[in-house]
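Enquirer: Would you mind keeping the following structure in view while I ask a few things?
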Amino acid sequence: MDAQTWDALVESMKSAYSAGLAEGAVPRPVIMPLVRGELVGLIWVRPTEPGKDALTGIAELANIAAAAGADEVVLAWETHDVATACQLPITGPVPCLNMVHATKDGHVLHQFPYTEQPQAHSPEGRGSAEPAWLPAIEPQPGGELVLPVRAAVDYSFIPLELDHPSPFGVTVVLMEEDGYNVRLNEAFAG
């Protein structure tokens with residue numbers, strides 16, 4: 001992936017966090033598969049129950065990457081949000097936007113810590129915040145990944161064996177039916 005694409009993905013996630021926190025919650029974990037440097041789309045995890053269902057929901061993000069034949073993936077998640085949803089210990093800075101860039105040969109963990117600056121309450125009475133981004137932590141080649149993210153990275157590069165004329169298309173449909181929010185780029189939406 002070229003630096004321009006990476007920078008665009010980072011800025012996109014930071015913007016999503018600003019919008020999400022303004023509404024009172026961080027975005028759900030998301031996978032961004034790439035095929036030959038072209039972004040397939042963004043796929044956010046389905047609504048999950050705490051514990052095993054959250055672990056499974058995040059790991060299953062790999063299905064879309066595997067079906068697309070992705071040669072690179074980027075996953076983004078918030079430290080506290082995923083630890084709480086998956087009932088795992090919190091590891092790493094909190095609050096923090098984590099992004100991992102992975103290929104079948106390895107991964108690099110990027111962490112973007114922030115503080116939450118309280119904003120006015122929304123009309124619904126929820127407190128909203130805005131992220132104040134702190135200096136990014138030095139990228140960590142092979143950095144430790146939380147369990148469901150590690151599984152999603154690993155499974156992203158194992159081809160799906162579906163007996164279907166359009167394995168990618170049927171995977172998209174099935175994931176959408178399961179509640180995943182799938183936004184494909186035009187080249188892959190056909």
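Numbering starts fresh at 1 for the residues of each chain in the structure tokens, the chains themselves are lettered A, B, ... in the order given, and ligands are numbered from 1 as they appear.
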Would you please give, as a count of residues only, all residues of segment 14-119 of chain A that DSSP assigns to strand (DSSP E) based on the backbone?
Expert: 40
Enquirer: What are the closest atom pairs, with distances in Å to one decimal, for all residues of segment 84-135 of chain A lying within 7 Å of segment 39-62 of chain A? Consider only C-alpha atoms, order rows by chain and residue number, and present the result as CSV.
Expert:
```
residue,atom,partner,partner_atom,distance
A:Ala85,CA,A:Pro50,CA,4.7
A:Cys86,CA,A:Gly51,CA,4.4
A:Gln87,CA,A:Gly51,CA,5.3
```
Enquirer: Could you please take those selected residues and save N, CA and C atoms as a short mmCIF file (atom, residue, chain, number, x, y, z; two decimals), in the first residue's frame?
Expert:
```cif
data_model
loop_
_atom_site.label_atom_id
_atom_site.label_comp_id
_atom_site.auth_asym_id
_atom_site.auth_seq_id
_atom_site.Cartn_x
_atom_site.Cartn_y
_atom_site.Cartn_z
N ALA A 85 -16.24 -5.31 24.94
CA ALA A 85 -17.17 -6.14 24.17
C ALA A 85 -16.78 -7.61 24.22
N CYS A 86 -15.48 -7.87 24.18
CA CYS A 86 -15.00 -9.26 24.14
C CYS A 86 -14.69 -9.82 25.52
N GLN A 87 -14.88 -9.02 26.54
CA GLN A 87 -14.60 -9.41 27.93
C GLN A 87 -13.16 -9.88 28.08
#
```
Enquirer: Measuring atom to atom with only C-alpha atoms, identify which of A:Gly69, A:Pro33, A:Gly143, A:Pro148 is nearest to Arg183 of chain A.
Expert: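 With only C-alpha atoms as the atom set, the closest residue is A:Pro33.
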Enquirer: Can you work out which one of A:Thr84, A:Thr115, A:Asn98, A:Gln4 has the shortest atom-to-atom distance to Val30 of chain A, counting only C-alpha atoms?
Expert: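 Checking each candidate against Val30 of chain A, we get A:Asn98 as the closest.
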Enquirer: Any idea what the distance is between atom CA of Glu130 of chain A and atom CA of Arg150 of chain A?
Expert: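 Distance reported for this atom pair: 28.6 Å.
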Enquirer: Taking only C-alpha atoms into account, name the residue in A:Leu160, A:Ala129, A:Val182, A:Ala16 that is nearest to Trp77 of chain A.
Expert: A:Ala16
Enquirer: For each of A:Ala70, A:Leu162, A:Val170, A:Cys96, take the minimum atom-to-atom distance to Leu134 of chain A, counting only C-alpha atoms, then give the residue where this is smallest.
Expert: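 Result for the nearest residue to Leu134 of chain A: A:Cys96.
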Enquirer: One decimal, in Å: what's the spacing between atom CA of Glu177 of chain A and atom CA of Ile64 of chain A?
Expert: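 Straight-line distance from atom CA of Glu177 of chain A to atom CA of Ile64 of chain A works out to 13.3 Å.
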Enquirer: Identify, on the basis of only C-alpha atoms, every residue whose closest approach to Pro131 of chain A does not exceed 7 Å; exclude the query and any residue fewer than 2 positions from it along the same chain; express the result as a VMD selection string.
Expert: chain A and resid 18 114 to 117 129 133
Enquirer: Hey, can you spit out that residue selection with N, CA and C atoms as a compact mmCIF listing (two decimals), in the first residue's frame?
Expert:
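As a result, again37.txt now contains:
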```
# COMPACT_ATOMS: atom_id res chain seq x y z
N SER A 18 -14.14 11.10 15.29
CA SER A 18 -14.65 12.42 15.67
C SER A 18 -16.17 12.43 15.56
N TYR A 114 -5.67 9.17 22.15
CA TYR A 114 -6.34 10.47 22.20
C TYR A 114 -6.94 10.65 23.58
N THR A 115 -7.33 11.87 23.87
CA THR A 115 -8.12 12.13 25.06
C THR A 115 -9.49 12.60 24.57
N GLU A 116 -10.49 12.39 25.39
CA GLU A 116 -11.83 12.81 25.01
C GLU A 116 -12.12 14.16 25.64
N GLN A 117 -12.36 15.15 24.78
CA GLN A 117 -12.71 16.49 25.23
C GLN A 117 -14.24 16.59 25.25
N ALA A 129 -18.34 13.88 22.96
CA ALA A 129 -16.94 14.25 23.15
C ALA A 129 -16.30 14.44 21.78
N TRP A 133 -6.23 14.35 19.57
CA TRP A 133 -5.23 13.34 19.21
C TRP A 133 -3.89 13.66 19.84
```
Enquirer: In chain A, what's helix (DSSP H, G or I) per DSSP? Answer as a PyMOL selection string?
Expert: chain A and resi 3-22+52-59+62-68+79-86+147-156+167-177+186-189
Enquirer: Given the choices A:Glu11, A:Glu186, A:Asp154, A:Glu23, which gets closest to Thr103 of chain A if the distance is worked out from only C-alpha atoms?
Expert: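 Comparing A:Glu11, A:Glu186, A:Asp154, A:Glu23 against Thr103 of chain A, the winner is A:Asp154.
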Enquirer: Provide the atom CA of Gly142 of chain A to atom CA of Gln111 of chain A distance in Å, to one decimal place.
Expert: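 Here the two named atoms are 13.0 Å from each other.
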Enquirer: Can you pull out every residue within 10 Å of Trp6 of chain A, counting only C-alpha atoms, but drop anything in the same chain fewer than 5 positions away, and send it as JSON, numbers by chain?
Expert: {"A": [1, 11, 12, 74, 101]}
Enquirer: Please provide as a list in words all residues within 10 Å of Asp71 of chain A, with the sequence filter that same-chain residues fewer than 5 positions apart are discarded (counting only C-alpha atoms).
Expert: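 That gives Met1, Pro33, Leu34, Val35, Arg36, Gly37, Glu38, Ala65, Ala66, Ala102, Thr103, Lys104, Asp105, Ser156 and Phe157 of chain A.
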Enquirer: Compare A:Met32, A:Met13, A:Pro139, A:Val146 by their minimum atom-to-atom distance to Asn185 of chain A, counting only C-alpha atoms, and give me the closest one.
Expert: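 Result for the nearest residue to Asn185 of chain A: A:Met32.
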